file upload-v4.txt (compact mmCIF, C-alpha atoms)
# COMPACT_ATOMS: atom_id res chain seq x y z
CA MET A 1 8.44 15.47 0.59
CA LEU A 2 7.47 14.44 -2.91
CA LEU A 3 4.32 16.54 -2.78
CA HIS A 4 6.42 19.66 -2.20
CA GLU A 5 8.49 18.74 -5.26
CA ILE A 6 5.42 18.23 -7.43
CA LEU A 7 3.91 21.56 -6.37
CA GLY A 8 7.23 23.40 -6.54
CA LEU A 9 6.99 24.45 -2.89
CA ASP A 10 9.79 24.93 -0.40
CA GLU A 11 10.03 22.11 2.16
CA LYS A 12 9.56 24.67 4.93
CA GLN A 13 6.10 25.59 3.69
CA ASN A 14 3.27 23.87 5.52
CA LEU A 15 1.39 21.47 3.27
CA PHE A 16 -1.54 19.27 4.26
CA LEU A 17 -3.85 16.85 2.51
CA ALA A 18 -7.43 17.45 3.55
CA GLU A 19 -8.30 13.87 4.43
CA GLU A 20 -7.14 12.37 7.73
CA CYS A 21 -6.17 8.96 6.33
CA PHE A 22 -5.34 7.34 3.01
CA GLU A 23 -8.57 5.36 2.93
CA ASP A 24 -10.68 8.53 3.22
CA LEU A 25 -9.49 9.58 -0.23
CA ILE A 26 -12.24 7.29 -1.52
CA THR A 27 -15.17 9.00 0.24
CA LEU A 28 -13.72 12.51 0.88
CA PRO A 29 -15.58 13.33 4.12
CA VAL A 30 -13.27 16.19 5.18
CA THR A 31 -12.95 17.62 1.67
CA SER A 32 -16.71 17.93 1.41
CA GLU A 33 -16.94 19.59 4.81
CA LEU A 34 -14.17 22.08 4.08
CA LEU A 35 -15.54 23.14 0.72
CA ASP A 36 -19.03 23.56 2.16
CA SER A 37 -17.71 25.69 5.03
CA GLY A 38 -15.92 28.15 2.74
CA LEU A 39 -12.20 28.69 2.34
CA ASN A 40 -10.21 31.91 2.43
CA ILE A 41 -8.19 31.11 -0.69
CA THR A 42 -5.28 33.42 -1.55
CA GLY A 43 -3.54 31.21 -4.11
CA CYS A 44 -4.12 28.10 -6.18
CA ILE A 45 -1.86 25.49 -7.80
CA GLU A 46 -3.46 23.03 -10.18
CA ILE A 47 -1.90 19.57 -10.61
CA ASP A 48 -3.20 18.78 -14.06
CA GLY A 49 -5.98 16.21 -13.71
CA LEU A 50 -4.90 15.04 -10.26
CA GLY A 51 -5.63 17.65 -7.62
CA THR A 52 -5.64 21.26 -6.52
CA ALA A 53 -3.62 22.98 -3.79
CA PHE A 54 -5.14 26.05 -2.19
CA HIS A 55 -3.06 28.62 -0.30
CA ILE A 56 -4.77 29.58 2.97
CA SER A 57 -3.48 32.60 4.87
CA HIS A 58 -5.95 32.75 7.78
CA PRO A 59 -5.92 31.78 10.62
CA THR A 60 -2.45 30.49 9.70
CA ASP A 61 -0.40 30.25 6.52
CA PHE A 62 -0.44 26.86 4.78
CA TRP A 63 -1.23 24.95 1.56
CA LEU A 64 -4.21 22.59 1.48
CA LEU A 65 -4.15 19.86 -1.18
CA LEU A 66 -7.43 18.36 -2.34
CA THR A 67 -7.82 15.44 -4.73
CA GLU A 68 -10.76 13.39 -5.95
CA LYS A 69 -8.59 11.20 -8.16
CA TYR A 70 -9.44 8.06 -6.16
CA SER A 71 -13.08 8.86 -5.48
CA GLN A 72 -16.35 8.74 -7.37
CA GLU A 73 -17.27 12.00 -5.68
CA SER A 74 -17.01 15.25 -7.69
CA VAL A 75 -17.04 17.77 -4.84
CA LEU A 76 -13.73 19.37 -5.88
CA SER A 77 -14.70 19.61 -9.56
CA ASP A 78 -18.06 21.12 -8.62
CA PHE A 79 -16.35 23.67 -6.36
CA LEU A 80 -13.82 24.70 -9.01
CA GLN A 81 -16.58 25.15 -11.60
CA SER A 82 -18.76 27.23 -9.27
CA GLU A 83 -16.12 29.34 -7.52
CA HIS A 84 -13.51 29.69 -10.30
CA PRO A 85 -10.52 30.36 -8.04
CA GLN A 86 -7.66 32.08 -9.84
CA VAL A 87 -4.95 29.55 -10.66
CA SER A 88 -1.50 30.97 -10.02
CA LYS A 89 0.41 27.96 -11.35
CA TRP A 90 -0.18 24.77 -13.35
CA VAL A 91 2.04 21.76 -12.72
CA LYS A 92 2.16 18.27 -14.20
CA SER A 93 2.78 14.89 -12.60
CA SER A 94 2.30 11.30 -13.68
CA GLU A 95 -0.46 9.40 -11.89
CA GLU A 96 2.13 6.98 -10.53
CA HIS A 97 4.38 9.70 -9.12
CA PHE A 98 1.43 11.52 -7.58
CA LEU A 99 0.19 8.34 -5.88
CA HIS A 100 3.67 7.66 -4.52
CA ALA A 101 3.79 11.20 -3.15
CA VAL A 102 0.41 10.79 -1.44
CA ILE A 103 1.51 7.46 0.08
CA GLU A 104 4.69 9.07 1.39
CA TYR A 105 2.74 11.99 2.88
CA TYR A 106 0.44 9.77 4.93
CA ALA A 107 3.23 7.43 6.06
CA ILE A 108 5.38 10.32 7.29
CA SER A 109 2.38 12.00 8.93
CA ILE A 110 1.51 8.77 10.74
CA SER A 111 5.07 8.23 11.97
CA ARG A 112 5.20 11.82 13.27
CA GLU A 113 1.91 11.21 15.12
CA LEU A 114 0.23 14.05 13.23
CA LEU A 115 -2.90 12.00 12.54
CA CYS A 116 -3.36 10.51 16.02
CA GLU A 117 -4.47 11.99 19.32
CA ASN A 118 -1.85 10.07 21.28
CA CYS A 119 0.50 7.11 21.00
CA ASP A 120 0.82 4.39 23.63
CA ILE A 121 3.24 2.20 21.64
CA LYS A 122 6.88 2.82 22.45
CA GLY A 123 10.21 1.04 22.14
CA GLU A 124 11.95 -1.21 19.67
CA ILE A 125 10.35 -4.10 17.80
CA ILE A 126 11.64 -7.57 18.61
CA TYR A 127 11.80 -9.83 15.57
CA ALA A 128 12.23 -13.61 15.33
CA GLU A 129 15.51 -13.83 13.44
CA ASP A 130 15.09 -17.52 12.64
CA ARG A 131 11.83 -16.72 10.85
CA ILE A 132 13.50 -14.01 8.77
CA ASN A 133 16.35 -16.37 7.87
CA ARG A 134 13.93 -19.14 6.81
CA LEU A 135 12.01 -16.69 4.62
CA GLN A 136 15.21 -15.51 2.98
CA ALA A 137 16.05 -19.10 2.07
CA LEU A 138 12.52 -19.63 0.71
CA LEU A 139 12.36 -16.42 -1.33
CA LYS A 140 15.86 -16.15 -2.76
CA PRO A 141 15.45 -18.72 -5.57
CA LEU A 142 11.89 -17.65 -6.35
CA ILE A 143 11.96 -13.87 -6.72
CA PRO A 144 14.39 -12.29 -9.20
CA MET A 145 16.00 -8.96 -8.42
CA GLY A 146 14.56 -5.74 -9.76
CA VAL A 147 10.91 -6.76 -9.80
CA ALA A 148 8.09 -4.63 -8.41
CA ILE A 149 6.79 -6.26 -5.21
CA LEU A 150 3.68 -5.59 -3.14
CA GLU A 151 3.48 -7.14 0.33
CA ILE A 152 0.00 -7.21 1.83
CA CYS A 153 -0.74 -7.58 5.56
CA CYS A 154 2.82 -6.58 6.44
CA GLY A 155 2.05 -5.90 10.12
CA ASN A 156 5.10 -4.49 11.89
CA GLY A 157 7.40 -5.51 9.06
CA MET A 158 8.97 -8.63 10.51
CA ALA A 159 8.67 -10.73 7.34
CA THR A 160 9.46 -7.66 5.24
CA GLN A 161 13.01 -7.79 6.59
CA ALA A 162 13.63 -10.96 4.58
CA LEU A 163 12.79 -9.09 1.37
CA LEU A 164 14.89 -6.09 2.35
CA ARG A 165 17.91 -8.21 3.28
CA LEU A 166 17.70 -9.89 -0.12
CA GLY A 167 17.92 -6.47 -1.74
CA HIS A 168 14.27 -6.01 -2.74
CA LYS A 169 12.32 -2.78 -2.27
CA PRO A 170 8.72 -3.86 -1.61
CA TRP A 171 5.64 -1.73 -1.29
CA CYS A 172 3.97 -2.70 1.99
CA LEU A 173 0.52 -2.25 3.44
CA ASP A 174 -1.48 -3.21 6.46
CA HIS A 175 -4.78 -2.11 7.97
CA ASP A 176 -3.25 -1.68 11.44
CA ARG A 177 -2.01 1.91 11.65
CA CYS A 178 -0.08 1.35 14.87
CA ASP A 179 1.91 -1.57 13.44
CA VAL A 180 2.91 0.39 10.35
CA CYS A 181 3.70 3.49 12.41
CA GLN A 182 5.94 1.62 14.83
CA ALA A 183 7.84 -0.09 12.00
CA ILE A 184 8.45 3.23 10.24
CA LYS A 185 9.62 4.83 13.48
CA CYS A 186 12.11 1.99 13.99
CA ASN A 187 13.33 2.30 10.37
CA TYR A 188 12.08 -1.19 9.49
CA LEU A 189 9.68 0.07 6.80
CA ASP A 190 10.32 2.69 4.14
CA PRO A 191 7.83 5.57 4.64
CA GLY A 192 7.92 6.19 0.91
CA ARG A 193 6.62 2.68 0.24
CA SER A 194 4.29 1.98 3.19
CA LEU A 195 0.58 2.57 3.47
CA VAL A 196 -2.29 1.92 5.83
CA LEU A 197 -5.17 0.44 3.89
CA GLU A 198 -7.68 -2.40 3.91
CA ALA A 199 -6.37 -4.71 1.18
CA ARG A 200 -9.80 -5.09 -0.40
CA LEU A 201 -9.59 -1.40 -1.37
CA LEU A 202 -6.33 -1.75 -3.30
CA ASN A 203 -8.09 -1.65 -6.65
CA LYS A 204 -9.27 1.88 -5.86
CA PHE A 205 -5.66 3.06 -6.12
CA PHE A 206 -3.77 0.50 -8.22
CA SER A 207 -4.71 -0.93 -11.60
CA LYS A 208 -4.58 -4.59 -12.56
CA GLY A 209 -1.02 -5.80 -13.07
CA SER A 210 0.64 -2.90 -11.26
CA PHE A 211 3.23 -5.23 -9.68
CA ASP A 212 5.32 -8.18 -10.80
CA VAL A 213 4.90 -10.02 -7.50
CA VAL A 214 2.21 -9.85 -4.81
CA LEU A 215 2.84 -11.72 -1.58
CA GLY A 216 1.72 -11.97 2.02
CA PHE A 217 3.27 -13.76 4.97
CA MET A 218 1.13 -15.58 7.53
CA VAL A 219 -2.17 -14.45 6.04
CA GLY A 220 -5.07 -15.71 8.14
CA LEU A 221 -5.68 -17.58 10.39
CA ILE A 222 -8.29 -18.67 7.85
CA ASP A 223 -11.34 -20.63 8.95
CA GLN A 224 -14.97 -21.12 7.91
CA THR A 225 -16.08 -17.91 9.62
CA ASN A 226 -13.64 -15.57 7.87
CA TRP A 227 -12.79 -17.39 4.63
CA LEU A 228 -15.03 -15.22 2.42
CA ALA A 229 -13.34 -12.07 3.71
CA TRP A 230 -9.87 -13.55 3.21
CA ARG A 231 -10.87 -14.80 -0.24
CA ASP A 232 -11.80 -11.24 -1.25
CA ILE A 233 -8.53 -9.91 0.18
CA LEU A 234 -6.41 -12.47 -1.66
CA LEU A 235 -8.24 -12.22 -4.98
CA THR A 236 -8.21 -8.41 -4.97
CA SER A 237 -4.52 -8.37 -4.12
CA SER A 238 -3.56 -11.09 -6.61
CA ARG A 239 -5.18 -9.25 -9.50
CA LEU A 240 -2.54 -6.57 -9.08
CA SER A 241 0.21 -9.06 -9.99
CA ARG A 242 1.24 -9.63 -13.58
CA GLN A 243 3.56 -12.53 -12.84
CA MET A 244 3.60 -14.25 -9.45
CA VAL A 245 1.87 -14.53 -6.09
CA LEU A 246 3.12 -16.12 -2.89
CA TYR A 247 1.27 -16.51 0.40
CA THR A 248 2.42 -18.27 3.56
CA VAL A 249 0.03 -19.69 6.15
CA TYR A 250 0.05 -21.87 9.26
CA THR A 251 -1.83 -24.96 7.99
CA GLN A 252 -2.00 -27.05 4.83
CA ARG A 253 -5.75 -26.59 4.71
CA GLU A 254 -5.38 -22.80 4.48
CA ALA A 255 -2.89 -23.13 1.62
CA GLU A 256 -5.22 -25.50 -0.23
CA LEU A 257 -8.13 -23.09 0.14
CA ILE A 258 -6.00 -20.36 -1.41
CA GLU A 259 -4.88 -22.69 -4.22
CA LYS A 260 -8.47 -23.57 -5.10
CA ALA A 261 -9.66 -19.95 -5.09
CA LEU A 262 -6.78 -18.69 -7.25
CA SER A 263 -6.95 -21.61 -9.68
CA GLN A 264 -10.49 -20.47 -10.47
CA GLU A 265 -8.99 -17.07 -11.37
CA GLY A 266 -6.54 -18.57 -13.86
CA TRP A 267 -3.48 -19.00 -11.66
CA MET A 268 -1.25 -22.05 -12.04
CA GLY A 269 -0.08 -22.87 -8.52
CA LYS A 270 1.11 -25.38 -6.02
CA VAL A 271 1.21 -25.86 -2.25
CA ILE A 272 4.68 -26.16 -0.71
CA ASP A 273 5.40 -27.92 2.58
CA ASN A 274 7.69 -25.50 4.45
CA ARG A 275 7.36 -26.95 7.95
CA ASP A 276 10.14 -26.76 10.51
CA ALA A 277 10.65 -28.16 14.01
CA LYS A 278 9.23 -25.08 15.74
CA GLY A 279 6.03 -25.20 13.72
CA ILE A 280 5.06 -21.56 14.19
CA TYR A 281 5.56 -19.31 11.15
CA ASP A 282 5.15 -19.82 7.39
CA GLN A 283 4.61 -23.58 7.62
CA TRP A 284 2.82 -23.89 4.29
CA VAL A 285 3.20 -21.83 1.13
CA TYR A 286 1.00 -21.20 -1.87
CA LEU A 287 3.08 -20.23 -4.92
CA GLY A 288 1.24 -19.21 -8.06
CA ALA A 289 2.21 -18.00 -11.52
CA ILE A 290 0.05 -16.61 -14.29
CA ARG A 291 0.88 -17.54 -17.86
CA ASP A 292 2.39 -14.89 -20.09
CA GLU A 293 2.87 -15.97 -23.68
CA LYS A 294 5.83 -13.60 -24.09
CA VAL A 295 7.63 -14.30 -20.83
CA ILE A 296 8.14 -17.62 -19.04
CA SER A 297 8.85 -16.42 -15.51
CA THR A 298 11.18 -17.89 -12.94
CA SER A 299 8.22 -18.78 -10.75
CA GLU A 300 6.40 -20.60 -13.58
CA ARG A 301 9.46 -22.69 -14.39
CA ASP A 302 9.65 -23.60 -10.71
CA LEU A 303 6.01 -24.71 -10.76
CA ARG A 304 6.70 -27.05 -13.67
CA ARG A 305 9.34 -29.00 -11.76
call {"tool": "encode", "arguments": {"input": "upload-v4.txt", "output": "structure tokens"}}
result
Amino acid sequence: MLLHEILGLDEKQNLFLAEECFEDLITLPVTSELLDSGLNITGCIEIDGLGTAFHISHPTDFWLLLTEKYSQESVLSDFLQSEHPQVSKWVKSSEEHFLHAVIEYYAISISRELLCENCDIKGEIIYAEDRINRLQALLKPLIPMGVAILEICCGNGMATQALLRLGHKPWCLDHDRCDVCQAIKCNYLDPGRSLVLEARLLNKFFSKGSFDVVLGFMVGLIDQTNWLAWRDILLTSSRLSRQMVLYTVYTQREAELIEKALSQEGWMGKVIDNRDAKGIYDQWVYLGAIRDEKVISTSERDLRR
């Protein structure tokens, strides 16, 4: 795994992050508990400014990686200042590479059922091929190759297949651990680019403009009771895009709600009628572009037509 590479450890050496899920890196409940309980530390590797790995030899031999990079808590810093464990090695990593390594760790751990008590979901995923084909036709003229893509609310990766078949390599997230796990197990999602996270927490890990394109397929169903929650999800996610956003929904009204909310954030967008005879998936599309004085994007030119 990438974390082994960063720390310079052999792949055979046991390595664990303290927290039980990606989202817990914000509040650090397990990290706090472990540091308060006392650790039998026999070695220490410091990832400059990003985290610390402690070697634990009892009751079993393993490395425990702690990080407060994504938290407002300072429990690790306080521990290091008070206990002064002897650092055996200093290593460097970019923030981006470290985050990718952490994402990969949790995705692989989920797919190996290391973070669950049991798994009741078995078997292959059945996808609607006609939906994937329609999305390919929709996306091909809109998204240029080689751009950084984030797909929110990816579920079990059905719509993601359209991006993959077009040659894109999206980062994908969903709040449903079982959906993401099943898709990784079936090789429909890349464990190095998949994470389980509530989309409204994205800004805890990614800075504004981290991706060229942010999109989501069949977001909703959006109604009066949940619109404020969906508005927060879509605005938080869209702020991570420096060029284009695209969201598909079931009804025209949902698309128009998204258009209004994003126009207030400075997006130039339009609603596209994408209905077909079956009338099930991706019937309406919101496509938005944000103006860049240096670059007139493909999506913005499309919006001007």
call {"tool": "atom_distance", "arguments": {"input": "upload-v4.txt", "atom1": "atom CA of A:Pro85", "atom2": "atom CA of A:Gly51"}}
result
13.6 Å
call {"tool": "atom_distance", "arguments": {"input": "upload-v4.txt", "atom1": "atom CA of A:Ser241", "atom2": "atom CA of A:Val213"}}
result
5.4 Å
call {"tool": "residues_around", "arguments": {"input": "upload-v4.txt", "residues": "A:Trp230", "least_positions_apart": "4", "cutoff": "10 Å", "atoms": "all atoms listed in the file", "output": "compact mmCIF listing (two decimals) with C-alpha atoms, keeping the file's coordinate frame"}}
result
# COMPACT_ATOMS: atom_id res chain seq x y z
CA ALA A 199 -6.37 -4.71 1.18
CA ARG A 200 -9.80 -5.09 -0.40
CA VAL A 219 -2.17 -14.45 6.04
CA GLY A 220 -5.07 -15.71 8.14
CA LEU A 221 -5.68 -17.58 10.39
CA ILE A 222 -8.29 -18.67 7.85
CA ASP A 223 -11.34 -20.63 8.95
CA THR A 225 -16.08 -17.91 9.62
CA ASN A 226 -13.64 -15.57 7.87
CA LEU A 234 -6.41 -12.47 -1.66
CA LEU A 235 -8.24 -12.22 -4.98
CA THR A 236 -8.21 -8.41 -4.97
CA ILE A 258 -6.00 -20.36 -1.41
call {"tool": "closest_residue", "arguments": {"input": "upload-v4.txt", "among": "A:Ala53, A:Ala261, A:Cys186, A:Val196", "to": "A:Leu76", "atoms": "only C-alpha atoms"}}
result
A:Ala53
call {"tool": "atom_distance", "arguments": {"input": "upload-v4.txt", "atom1": "atom CA of A:Asn187", "atom2": "atom CA of A:Cys119"}}
result
17.3 Å
call {"tool": "closest_atom_pairs", "arguments": {"input": "upload-v4.txt", "of": "stretch 161-231 of chain A", "to": "stretch 55-74 of chain A", "cutoff": "10 Å", "atoms": "all atoms listed in the file", "output": "Markdown table"}}
result
| residue | atom | partner | partner_atom | distance |
| --- | --- | --- | --- | --- |
| A:Asn203 | CA | A:Tyr70 | CA | 9.8 |
| A:Lys204 | CA | A:Tyr70 | CA | 6.2 |
| A:Phe205 | CA | A:Tyr70 | CA | 6.3 |
| A:Phe206 | CA | A:Tyr70 | CA | 9.7 |
call {"tool": "closest_residue", "arguments": {"input": "upload-v4.txt", "among": "A:Ser237, A:Asn274, A:Ser109, A:Ser207", "to": "A:Leu138", "atoms": "only C-alpha atoms"}}
result
A:Asn274
call {"tool": "residues_around", "arguments": {"input": "upload-v4.txt", "residues": "A:Val245", "least_positions_apart": "2", "cutoff": "8 Å", "atoms": "all atoms listed in the file", "output": "number ranges by chain"}}
result
A: 213-215, 238, 241, 243, 247, 286-289
call {"tool": "closest_residue", "arguments": {"input": "upload-v4.txt", "among": "A:Pro29, A:Asp174, A:Val285, A:His84", "to": "A:Leu139", "atoms": "all atoms listed in the file"}}
result
A:Val285
call {"tool": "residues_near_point", "arguments": {"input": "upload-v4.txt", "point": "(10.6, -1.5, 0.3)", "cutoff": "12 Å", "atoms": "only C-alpha atoms", "output": "VMD selection string"}}
result
chain A and resid 146 to 151 154 157 159 to 173 184 187 to 195
call {"tool": "residues_near_point", "arguments": {"input": "upload-v4.txt", "point": "(-6.6, 17.6, 3.2)", "cutoff": "8 Å", "atoms": "only C-alpha atoms", "output": "PyMOL selection string"}}
result
chain A and resi 16-20+30-31+64-66
call {"tool": "closest_residue", "arguments": {"input": "upload-v4.txt", "among": "A:Ser111, A:Asn118, A:Ser88, A:Gln283", "to": "A:Val180", "atoms": "only C-alpha atoms"}}
result
A:Ser111
call {"tool": "closest_residue", "arguments": {"input": "upload-v4.txt", "among": "A:Ile272, A:Cys181, A:Leu240, A:Leu228", "to": "A:Ile108", "atoms": "all atoms listed in the file"}}
result
A:Cys181
call {"tool": "closest_residue", "arguments": {"input": "upload-v4.txt", "among": "A:Leu99, A:Ile143, A:Ile125, A:Met218", "to": "A:Phe22", "atoms": "only C-alpha atoms"}}
result
A:Leu99
call {"tool": "residues_around", "arguments": {"input": "upload-v4.txt", "residues": "A:Leu197", "least_positions_apart": "4", "cutoff": "10 Å", "atoms": "all atoms listed in the file", "output": "ChimeraX atom specification"}}
result
/A:21-24,152-153,172-177,201-202
call {"tool": "write_last_selection", "arguments": {"input": "upload-v4.txt", "atoms": "C-alpha atoms", "output": "mmCIF file, in the frame of the given file"}}
result
data_model
loop_
_atom_site.group_PDB
_atom_site.id
_atom_site.type_symbol
_atom_site.label_atom_id
_atom_site.label_comp_id
_atom_site.auth_asym_id
_atom_site.auth_seq_id
_atom_site.Cartn_x
_atom_site.Cartn_y
_atom_site.Cartn_z
ATOM 1 C CA CYS A 21 -6.170 8.960 6.330
ATOM 2 C CA PHE A 22 -5.340 7.340 3.010
ATOM 3 C CA GLU A 23 -8.570 5.360 2.930
ATOM 4 C CA ASP A 24 -10.680 8.530 3.220
ATOM 5 C CA ILE A 152 0.000 -7.210 1.830
ATOM 6 C CA CYS A 153 -0.740 -7.580 5.560
ATOM 7 C CA CYS A 172 3.970 -2.700 1.990
ATOM 8 C CA LEU A 173 0.520 -2.250 3.440
ATOM 9 C CA ASP A 174 -1.480 -3.210 6.460
ATOM 10 C CA HIS A 175 -4.780 -2.110 7.970
ATOM 11 C CA ASP A 176 -3.250 -1.680 11.440
ATOM 12 C CA ARG A 177 -2.010 1.910 11.650
ATOM 13 C CA LEU A 201 -9.590 -1.400 -1.370
ATOM 14 C CA LEU A 202 -6.330 -1.750 -3.300
#
